[in-house]
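Here is target.cif, consisting of mmCIF, C-alpha atoms:
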```cif
data_model
loop_
_atom_site.label_atom_id
_atom_site.label_comp_id
_atom_site.auth_asym_id
_atom_site.auth_seq_id
_atom_site.Cartn_x
_atom_site.Cartn_y
_atom_site.Cartn_z
CA MET A 1 -164.22 27.06 5.25
CA ARG A 2 -161.26 25.76 3.20
CA GLU A 3 -159.08 22.97 4.62
CA LEU A 4 -156.51 24.29 7.06
CA GLU A 5 -153.19 22.44 7.16
CA ASN A 6 -151.13 23.96 9.97
CA CYS A 7 -151.42 26.00 13.16
CA ASP A 8 -150.53 29.26 11.42
CA GLN A 9 -153.30 28.81 8.87
CA VAL A 10 -155.82 27.94 11.56
CA ALA A 11 -154.87 30.93 13.70
CA LEU A 12 -155.42 33.23 10.71
CA ALA A 13 -158.75 31.76 9.62
CA GLY A 14 -161.15 34.51 8.68
CA ARG A 15 -158.46 37.18 8.86
CA ASP A 16 -157.80 37.83 5.16
CA GLY A 17 -159.68 41.12 5.30
CA ALA A 18 -157.89 42.20 8.47
CA LEU A 19 -154.50 41.36 6.96
CA ALA A 20 -155.21 43.46 3.90
CA GLU A 21 -156.55 46.38 5.94
CA VAL A 22 -153.64 46.44 8.39
CA GLU A 23 -151.14 46.16 5.52
CA TYR A 24 -152.81 49.16 3.85
CA LEU A 25 -152.72 51.16 7.08
CA LEU A 26 -149.11 50.25 7.67
CA ARG A 27 -148.14 51.39 4.20
CA HIS A 28 -149.83 54.77 4.62
CA ARG A 29 -149.46 55.51 8.35
CA ARG A 30 -146.17 53.68 9.06
CA LEU A 31 -147.15 53.26 12.73
CA VAL A 32 -150.12 50.98 13.37
CA THR A 33 -151.36 49.41 16.59
CA VAL A 34 -153.50 46.28 16.44
CA THR A 35 -155.70 46.29 19.54
CA GLY A 36 -158.16 43.87 21.10
CA PRO A 37 -158.71 41.56 24.04
CA GLY A 38 -156.18 38.95 25.11
CA GLY A 39 -156.27 35.83 22.95
CA VAL A 40 -157.98 37.49 19.98
CA GLY A 41 -155.05 36.81 17.64
CA LYS A 42 -153.11 40.08 17.51
CA SER A 43 -149.70 38.41 17.59
CA ALA A 44 -150.64 35.87 14.92
CA LEU A 45 -151.79 38.69 12.64
CA ALA A 46 -148.59 40.64 13.23
CA GLU A 47 -146.44 37.58 12.54
CA ALA A 48 -148.31 36.93 9.29
CA LEU A 49 -147.68 40.48 8.11
CA THR A 50 -143.92 39.98 8.43
CA ARG A 51 -144.22 37.26 5.79
CA ARG A 52 -146.17 39.31 3.23
CA PRO A 53 -144.44 39.41 -0.17
CA GLY A 54 -144.58 43.20 -0.57
CA LEU A 55 -141.82 43.92 1.96
CA GLY A 56 -138.95 43.58 -0.52
CA PRO A 57 -135.61 41.79 -0.14
CA ASP A 58 -133.74 44.77 1.35
CA VAL A 59 -136.14 45.41 4.22
CA ILE A 60 -134.92 44.60 7.72
CA VAL A 61 -137.65 42.71 9.58
CA ALA A 62 -137.38 42.61 13.37
CA ARG A 63 -139.81 41.44 16.01
CA THR A 64 -139.79 41.67 19.78
CA ASP A 65 -142.17 40.97 22.66
CA LEU A 66 -142.19 43.47 25.51
CA ALA A 67 -144.03 41.18 27.95
CA PRO A 68 -140.92 40.45 30.07
CA LEU A 69 -139.96 44.14 30.26
CA ALA A 70 -141.05 46.08 33.35
CA ASP A 71 -138.95 49.26 33.13
CA PRO A 72 -140.34 51.84 30.66
CA GLY A 73 -136.92 53.44 30.42
CA LEU A 74 -135.52 50.32 28.75
CA VAL A 75 -137.95 50.30 25.81
CA PRO A 76 -135.42 51.92 23.38
CA HIS A 77 -132.75 49.40 24.43
CA TRP A 78 -135.17 46.51 23.86
CA LEU A 79 -136.05 47.76 20.38
CA ALA A 80 -132.41 48.42 19.48
CA ARG A 81 -131.48 44.89 20.47
CA ALA A 82 -134.28 43.50 18.29
CA LEU A 83 -132.98 45.49 15.31
CA GLY A 84 -129.38 44.51 16.03
CA MET A 85 -128.48 48.19 16.47
CA ASP A 86 -127.33 48.57 20.08
CA GLY A 87 -125.77 51.99 20.46
CA PRO A 88 -122.70 53.15 22.42
CA ALA A 89 -123.10 53.05 26.19
CA GLY A 90 -122.49 56.76 26.67
CA LYS A 91 -125.18 57.97 24.28
CA PRO A 92 -128.96 58.05 24.93
CA GLN A 93 -130.28 54.85 23.37
CA LEU A 94 -133.20 56.40 21.48
CA ALA A 95 -130.95 58.97 19.82
CA ALA A 96 -128.40 56.27 19.02
CA LEU A 97 -131.07 54.04 17.51
CA ILE A 98 -132.44 56.85 15.35
CA GLU A 99 -128.93 57.58 14.11
CA ALA A 100 -128.17 53.91 13.41
CA LEU A 101 -131.45 53.27 11.62
CA GLY A 102 -131.48 56.46 9.56
CA ASP A 103 -133.26 55.84 6.25
CA THR A 104 -132.75 52.07 6.30
CA PRO A 105 -135.95 50.30 5.16
CA ALA A 106 -137.25 48.29 8.12
CA LEU A 107 -140.37 46.72 9.58
CA LEU A 108 -140.40 46.54 13.36
CA VAL A 109 -143.08 44.45 15.06
CA VAL A 110 -143.51 45.20 18.76
CA ASP A 111 -145.74 42.78 20.65
CA THR A 112 -147.41 43.31 24.04
CA CYS A 113 -147.16 47.07 24.51
CA GLU A 114 -150.10 47.44 26.89
CA HIS A 115 -148.22 47.57 30.20
CA LEU A 116 -145.82 50.18 28.76
CA ALA A 117 -148.33 51.98 26.57
CA GLU A 118 -147.31 55.57 27.36
CA ARG A 119 -143.59 55.00 26.85
CA CYS A 120 -144.18 52.90 23.72
CA THR A 121 -146.26 55.71 22.25
CA GLU A 122 -143.44 58.20 22.85
CA VAL A 123 -140.63 56.01 21.56
CA LEU A 124 -142.39 54.55 18.51
CA THR A 125 -143.73 57.95 17.45
CA ALA A 126 -140.23 59.43 17.71
CA LEU A 127 -138.70 56.57 15.69
CA VAL A 128 -141.22 56.80 12.86
CA GLY A 129 -140.93 60.59 12.80
CA ALA A 130 -137.14 60.50 12.47
CA CYS A 131 -136.66 57.41 10.28
CA PRO A 132 -138.56 57.90 6.99
CA ARG A 133 -138.37 54.28 5.81
CA LEU A 134 -139.30 52.63 9.08
CA HIS A 135 -142.70 50.97 9.52
CA VAL A 136 -143.84 49.86 12.98
CA LEU A 137 -146.60 47.41 13.79
CA ALA A 138 -147.45 47.23 17.49
CA THR A 139 -149.90 44.98 19.33
CA SER A 140 -151.54 46.05 22.55
CA ARG A 141 -154.62 45.25 24.62
CA THR A 142 -154.72 48.95 25.47
CA PRO A 143 -154.67 51.20 22.36
CA LEU A 144 -151.61 53.38 21.96
CA ARG A 145 -152.45 57.04 21.50
CA THR A 146 -151.40 57.13 17.87
CA PRO A 147 -153.52 57.69 14.73
CA GLY A 148 -153.07 54.22 13.23
CA LEU A 149 -155.32 51.98 15.33
CA TYR A 150 -156.86 48.73 14.12
CA PRO A 151 -159.28 47.00 16.53
CA LEU A 152 -159.31 43.23 16.07
CA SER A 153 -162.49 41.44 17.12
CA PRO A 154 -163.16 37.76 17.83
CA VAL A 155 -163.96 35.73 14.72
CA PRO A 156 -167.52 35.04 13.52
CA LEU A 157 -169.17 31.89 14.82
CA ASP A 158 -168.86 29.91 11.58
CA VAL A 159 -165.14 30.72 11.38
CA ALA A 160 -164.63 29.76 15.02
CA ALA A 161 -166.38 26.42 14.43
CA GLY A 162 -164.10 25.79 11.44
CA MET A 163 -161.05 26.57 13.59
CA PHE A 164 -162.30 24.17 16.24
CA ALA A 165 -162.66 21.39 13.67
CA ALA A 166 -159.24 22.13 12.15
CA TYR A 167 -157.50 21.96 15.52
CA ALA A 168 -159.26 18.65 16.21
CA ARG A 169 -157.87 17.23 12.95
CA GLN A 170 -154.37 18.35 13.87
CA LEU A 171 -154.69 16.59 17.22
CA ASP A 172 -156.06 13.41 15.59
CA ALA A 173 -159.05 13.84 17.86
CA GLU A 174 -162.61 12.93 17.03
CA GLU A 175 -164.26 15.91 15.35
CA ALA A 176 -167.32 17.41 16.94
CA PRO A 177 -170.64 17.40 15.06
CA PRO A 178 -171.05 20.84 13.44
CA ASP A 179 -173.93 21.88 15.69
CA VAL A 180 -171.95 20.93 18.83
CA ALA A 181 -168.87 22.78 17.56
CA ARG A 182 -170.94 25.91 16.98
CA ARG A 183 -172.49 25.73 20.44
CA ILE A 184 -169.05 25.33 22.03
CA CYS A 185 -167.66 28.30 20.10
CA ALA A 186 -170.70 30.42 20.96
CA LEU A 187 -170.01 29.82 24.65
CA LEU A 188 -166.45 31.01 24.03
CA ASP A 189 -167.52 34.21 22.23
CA GLY A 190 -165.48 33.24 19.16
CA LEU A 191 -162.20 34.07 20.93
CA PRO A 192 -159.44 32.20 19.04
CA LEU A 193 -157.38 31.37 22.14
CA ALA A 194 -160.44 29.94 23.88
CA VAL A 195 -161.36 27.91 20.79
CA ARG A 196 -157.85 26.46 20.68
CA ILE A 197 -157.93 25.59 24.39
CA ALA A 198 -161.33 23.91 24.05
CA ALA A 199 -160.13 21.88 21.06
CA ASP A 200 -157.24 20.58 23.19
CA GLN A 201 -159.83 18.93 25.44
CA LEU A 202 -160.93 16.67 22.58
CA THR A 203 -157.84 14.50 23.12
CA ARG A 204 -159.28 13.46 26.51
CA HIS A 205 -163.03 14.10 26.29
CA SER A 206 -165.84 13.79 23.79
CA ALA A 207 -167.24 16.94 22.19
CA ALA A 208 -170.47 16.42 24.15
CA ASP A 209 -168.49 16.32 27.41
CA VAL A 210 -166.59 19.48 26.45
CA LEU A 211 -169.88 21.23 25.73
CA ALA A 212 -171.37 20.06 29.02
CA GLY A 213 -168.32 21.23 30.92
CA LEU A 214 -168.53 24.69 29.40
CA ALA A 215 -172.12 25.11 30.57
CA ARG A 216 -170.56 26.66 33.66
CA ALA A 217 -168.67 29.73 32.48
CA GLU A 218 -166.13 29.35 35.29
CA ALA A 219 -165.09 25.98 33.89
CA ALA A 220 -163.47 27.60 30.87
CA LEU A 221 -161.13 29.74 32.97
CA ASP A 222 -158.75 26.98 34.05
CA LEU A 223 -158.69 24.72 31.00
CA PRO A 224 -155.00 24.43 30.09
CA ALA A 225 -153.58 25.44 26.73
CA THR A 226 -151.30 22.58 25.70
CA ALA A 227 -150.07 24.01 22.39
CA PRO A 228 -146.31 24.68 22.44
CA GLY A 229 -144.92 28.18 22.19
CA LEU A 230 -147.73 30.09 23.86
CA PRO A 231 -146.57 32.80 26.31
CA GLY A 232 -147.30 32.33 30.00
CA ARG A 233 -150.14 34.84 29.91
CA GLN A 234 -151.96 32.55 27.46
CA HIS A 235 -151.59 29.21 29.25
CA SER A 236 -155.24 29.53 30.26
CA LEU A 237 -158.04 32.07 30.02
CA ARG A 238 -157.47 32.84 33.69
CA ASP A 239 -153.83 33.71 32.95
CA SER A 240 -154.93 35.94 30.09
CA LEU A 241 -157.50 37.76 32.21
CA ALA A 242 -155.09 38.08 35.14
CA TRP A 243 -152.67 39.88 32.81
CA SER A 244 -155.46 42.30 31.87
CA LEU A 245 -156.33 42.79 35.53
CA ARG A 246 -152.79 43.98 36.19
CA LEU A 247 -153.36 46.83 33.75
CA CYS A 248 -156.53 48.04 35.47
CA THR A 249 -156.82 50.79 38.04
CA ALA A 250 -158.41 50.01 41.40
CA ASP A 251 -161.70 51.56 40.25
CA GLU A 252 -161.64 49.53 37.01
CA ARG A 253 -161.07 46.32 38.97
CA LEU A 254 -163.95 47.12 41.28
CA LEU A 255 -166.31 47.94 38.41
CA TRP A 256 -165.23 44.83 36.49
CA ALA A 257 -166.29 42.69 39.45
CA ARG A 258 -169.57 44.57 39.94
CA LEU A 259 -170.51 44.44 36.24
CA SER A 260 -170.48 40.65 36.46
CA VAL A 261 -174.00 40.74 37.96
CA PHE A 262 -175.38 41.74 34.53
CA PRO A 263 -176.23 38.51 32.65
CA GLY A 264 -176.57 40.36 29.35
CA SER A 265 -176.10 43.82 27.94
CA PHE A 266 -176.11 46.99 30.03
CA GLU A 267 -176.14 50.75 29.55
CA LEU A 268 -174.14 53.32 31.46
CA ALA A 269 -177.25 54.68 33.20
CA GLN A 270 -178.02 51.20 34.55
CA VAL A 271 -174.42 50.71 35.59
CA ARG A 272 -174.41 53.98 37.51
CA GLU A 273 -177.57 52.99 39.39
CA ILE A 274 -176.55 49.43 40.28
CA CYS A 275 -172.76 49.63 40.58
CA GLY A 276 -172.32 53.18 41.88
CA ASP A 277 -172.04 54.16 45.54
CA ALA A 278 -169.75 56.09 47.86
CA GLN A 279 -166.91 53.73 47.01
CA LEU A 280 -167.48 54.25 43.28
CA PRO A 281 -169.09 57.71 42.81
CA PRO A 282 -170.28 58.98 39.38
CA GLY A 283 -167.04 60.56 38.14
CA PRO A 284 -164.71 57.65 38.94
CA LEU A 285 -167.36 55.17 37.79
CA VAL A 286 -167.62 56.76 34.34
CA ALA A 287 -163.82 56.87 34.09
CA ALA A 288 -163.60 53.19 35.06
CA PHE A 289 -166.32 52.27 32.56
CA THR A 290 -164.42 54.09 29.82
CA GLY A 291 -161.21 52.35 30.86
CA LEU A 292 -162.76 48.89 30.67
CA ALA A 293 -164.08 49.65 27.18
CA TRP A 294 -160.67 51.05 26.17
CA GLN A 295 -159.09 47.74 27.19
CA SER A 296 -161.72 45.63 25.36
CA LEU A 297 -162.97 44.11 28.62
CA ILE A 298 -166.48 45.28 27.77
CA GLU A 299 -167.73 45.37 24.20
CA PRO A 300 -170.05 47.89 22.55
CA GLN A 301 -173.30 46.59 21.11
CA PRO A 302 -174.08 48.90 18.15
CA ASP A 303 -177.74 49.60 17.45
CA GLU A 304 -178.47 51.39 14.17
CA ASN A 305 -175.07 53.12 14.12
CA GLU A 306 -175.42 54.25 17.73
CA VAL A 307 -173.73 52.55 20.66
CA THR A 308 -175.72 52.73 23.87
CA ALA A 309 -175.31 49.21 25.28
CA PHE A 310 -172.28 47.14 26.20
CA ARG A 311 -171.71 43.54 27.18
CA MET A 312 -168.99 41.63 28.97
CA PRO A 313 -167.72 38.44 27.29
CA ARG A 314 -168.69 35.29 29.12
CA ALA A 315 -165.25 34.29 30.45
CA THR A 316 -164.46 37.87 31.43
CA ARG A 317 -167.72 38.03 33.36
CA ALA A 318 -167.00 34.69 35.08
CA TYR A 319 -163.60 35.96 36.18
CA GLY A 320 -165.18 39.16 37.49
CA ARG A 321 -167.90 37.18 39.30
CA GLN A 322 -165.28 35.18 41.16
CA ARG A 323 -163.58 38.40 42.24
CA LEU A 324 -166.95 39.82 43.31
CA SER A 325 -167.58 36.74 45.45
CA LEU A 326 -164.16 37.07 47.10
CA SER A 327 -164.79 40.75 47.80
CA GLY A 328 -167.83 40.02 49.97
CA GLU A 329 -170.01 42.31 47.82
CA GLU A 330 -171.80 39.66 45.78
CA ARG A 331 -175.01 39.53 47.83
CA GLU A 332 -175.29 43.33 47.96
CA LEU A 333 -174.80 43.74 44.19
CA LEU A 334 -177.25 40.94 43.40
CA ASN A 335 -179.84 42.62 45.62
CA ARG A 336 -179.29 45.92 43.82
CA PHE A 337 -179.65 44.21 40.45
CA LEU A 338 -182.80 42.36 41.54
CA ALA A 339 -184.36 45.55 42.94
CA TRP A 340 -183.62 47.39 39.70
CA THR A 341 -185.05 44.52 37.61
CA LEU A 342 -188.29 44.42 39.61
CA ARG A 343 -188.64 48.19 39.38
CA GLU A 344 -188.18 48.17 35.60
CA SER A 345 -190.45 45.20 34.92
#
```

Please rewrite the model in this file as structure tokens.
Amino acid sequence: MRELENCDQVALAGRDGALAEVEYLLRHRRLVTVTGPGGVGKSALAEALTRRPGLGPDVIVARTDLAPLADPGLVPHWLARALGMDGPAGKPQLAALIEALGDTPALLVVDTCEHLAERCTEVLTALVGACPRLHVLATSRTPLRTPGLYPLSPVPLDVAAGMFAAYARQLDAEEAPPDVARRICALLDGLPLAVRIAADQLTRHSAADVLAGLARAEAALDLPATAPGLPGRQHSLRDSLAWSLRLCTADERLLWARLSVFPGSFELAQVREICGDAQLPPGPLVAAFTGLAWQSLIEPQPDENEVTAFRMPRATRAYGRQRLSLSGEERELLNRFLAWTLRES
């Protein structure tokens, strides 16, 4: 991988294809949502697109992060403030914003829509429908129900290892041997935030010690992210996963914890047998399973163009396993899994 000189370049390593594809979608759909798990690099991608040369000098570029916003009714006000187009107090803000924006060329980047997904879908769809020269790029862990969706996946292992080495150089830390770097990144599922957090440890520990520490999946959850400017939900992998947990229904939280007993991939039929019971009957279980996939908390494992199996990323599973232990269900679920394994062997 080519030499990376700054944090922005490192964060975008391996994303040239994604940048081009999202830019194409944005040009033709005008409303695009970049989706994916927390820490995968959605915000970095969105920020990079605001600097693309094709925007033109007369285009208004505005960006806002909805993470601090709790009231769905205030979404239009938040967007208007970002665009510098606050409307009169007596007029509905969405109507006022549409009137103020009109046919002005603009790119609006809206980060962290997941906790307000339904309202964001309504407002952003209305804005794009009424303002013919507006383009909107949203980021969300939960896909908005709009046609322009772009799922962003963790980076390939070789790219992740290059990112790890680049961050080490920036920190003036001793670089890890390539094979150690790859093993560290494999344990982190190629998630860019996790790679960055692990690289921070090189200022205090050797690469071998970092690798040894990550042998326990739970150890990765509380490693601190020391890079400046990261939002609170990305100060550690635990913070990132706790933010996702807030978005889950009670059934999704329960299934997340129970799925942690699977060490590898699993199919829905297996999940129904091991994780289902009176507390999580078939209908709610399937809905919860779909919800976890929708939020990128479980990942499909394609097999010859057909998806039948899923897996849970290592840190996500560790977080779920801790919740399973706290729930008092761990022994029961392990017994169910063991009984199923013995029956199938």

| field | For atom CA of His135 of chain A and atom CA of Gly38 of chain A, the interatomic separation in Å (one decimal) | value |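 Atom-to-atom, atom CA of His135 of chain A and atom CA of Gly38 of chain A are spaced 23.9 Å apart.
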
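If you count only C-alpha atoms and ignore residues fewer than 5 places along the chain from Leu221 of chain A, what sits within 7 Å of it is Ser236, Leu237, Arg238 and Ala315 of chain A.
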
| Could you tell me, as a PyMOL selection string, which residues have any atom at most 12 Å from (-165.5, 24.2, 13.4), counting all atoms listed in the file? | chain A and resi 1-4+10+13+155-169+175-186+190+192+195-196+198-199+207

| said: Running the PyMOL selection byres ((chain A and resi 276-286) around 12) on this model by hand, what would come out? Give it as a PyMOL selection string. | reply: chain A and resi 249-256+258-259+267-275+287-293+329+332-333+336-337

| message | I'd like to know which of A:Arg311, A:His235, A:Arg246, A:Arg321 is closest to Val261 of chain A, using all atoms listed in the file. | response |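 Under the stated criterion, the closest residue is A:Arg321.
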
| said: Which polymer residues, whether protein, DNA or RNA, lie within 10 Å of the coordinate (-143.5, 41.8, 10.0) when you count only C-alpha atoms? List them as an MDAnalysis selection string, using the chain letters and numbers from the file. | reply: chainID A and resid 23 45:52 55 60:63 106:110 135:137

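Computed from the coordinates, the atom CA of Leu241 of chain A to atom CA of Leu144 of chain A distance equals 19.6 Å.
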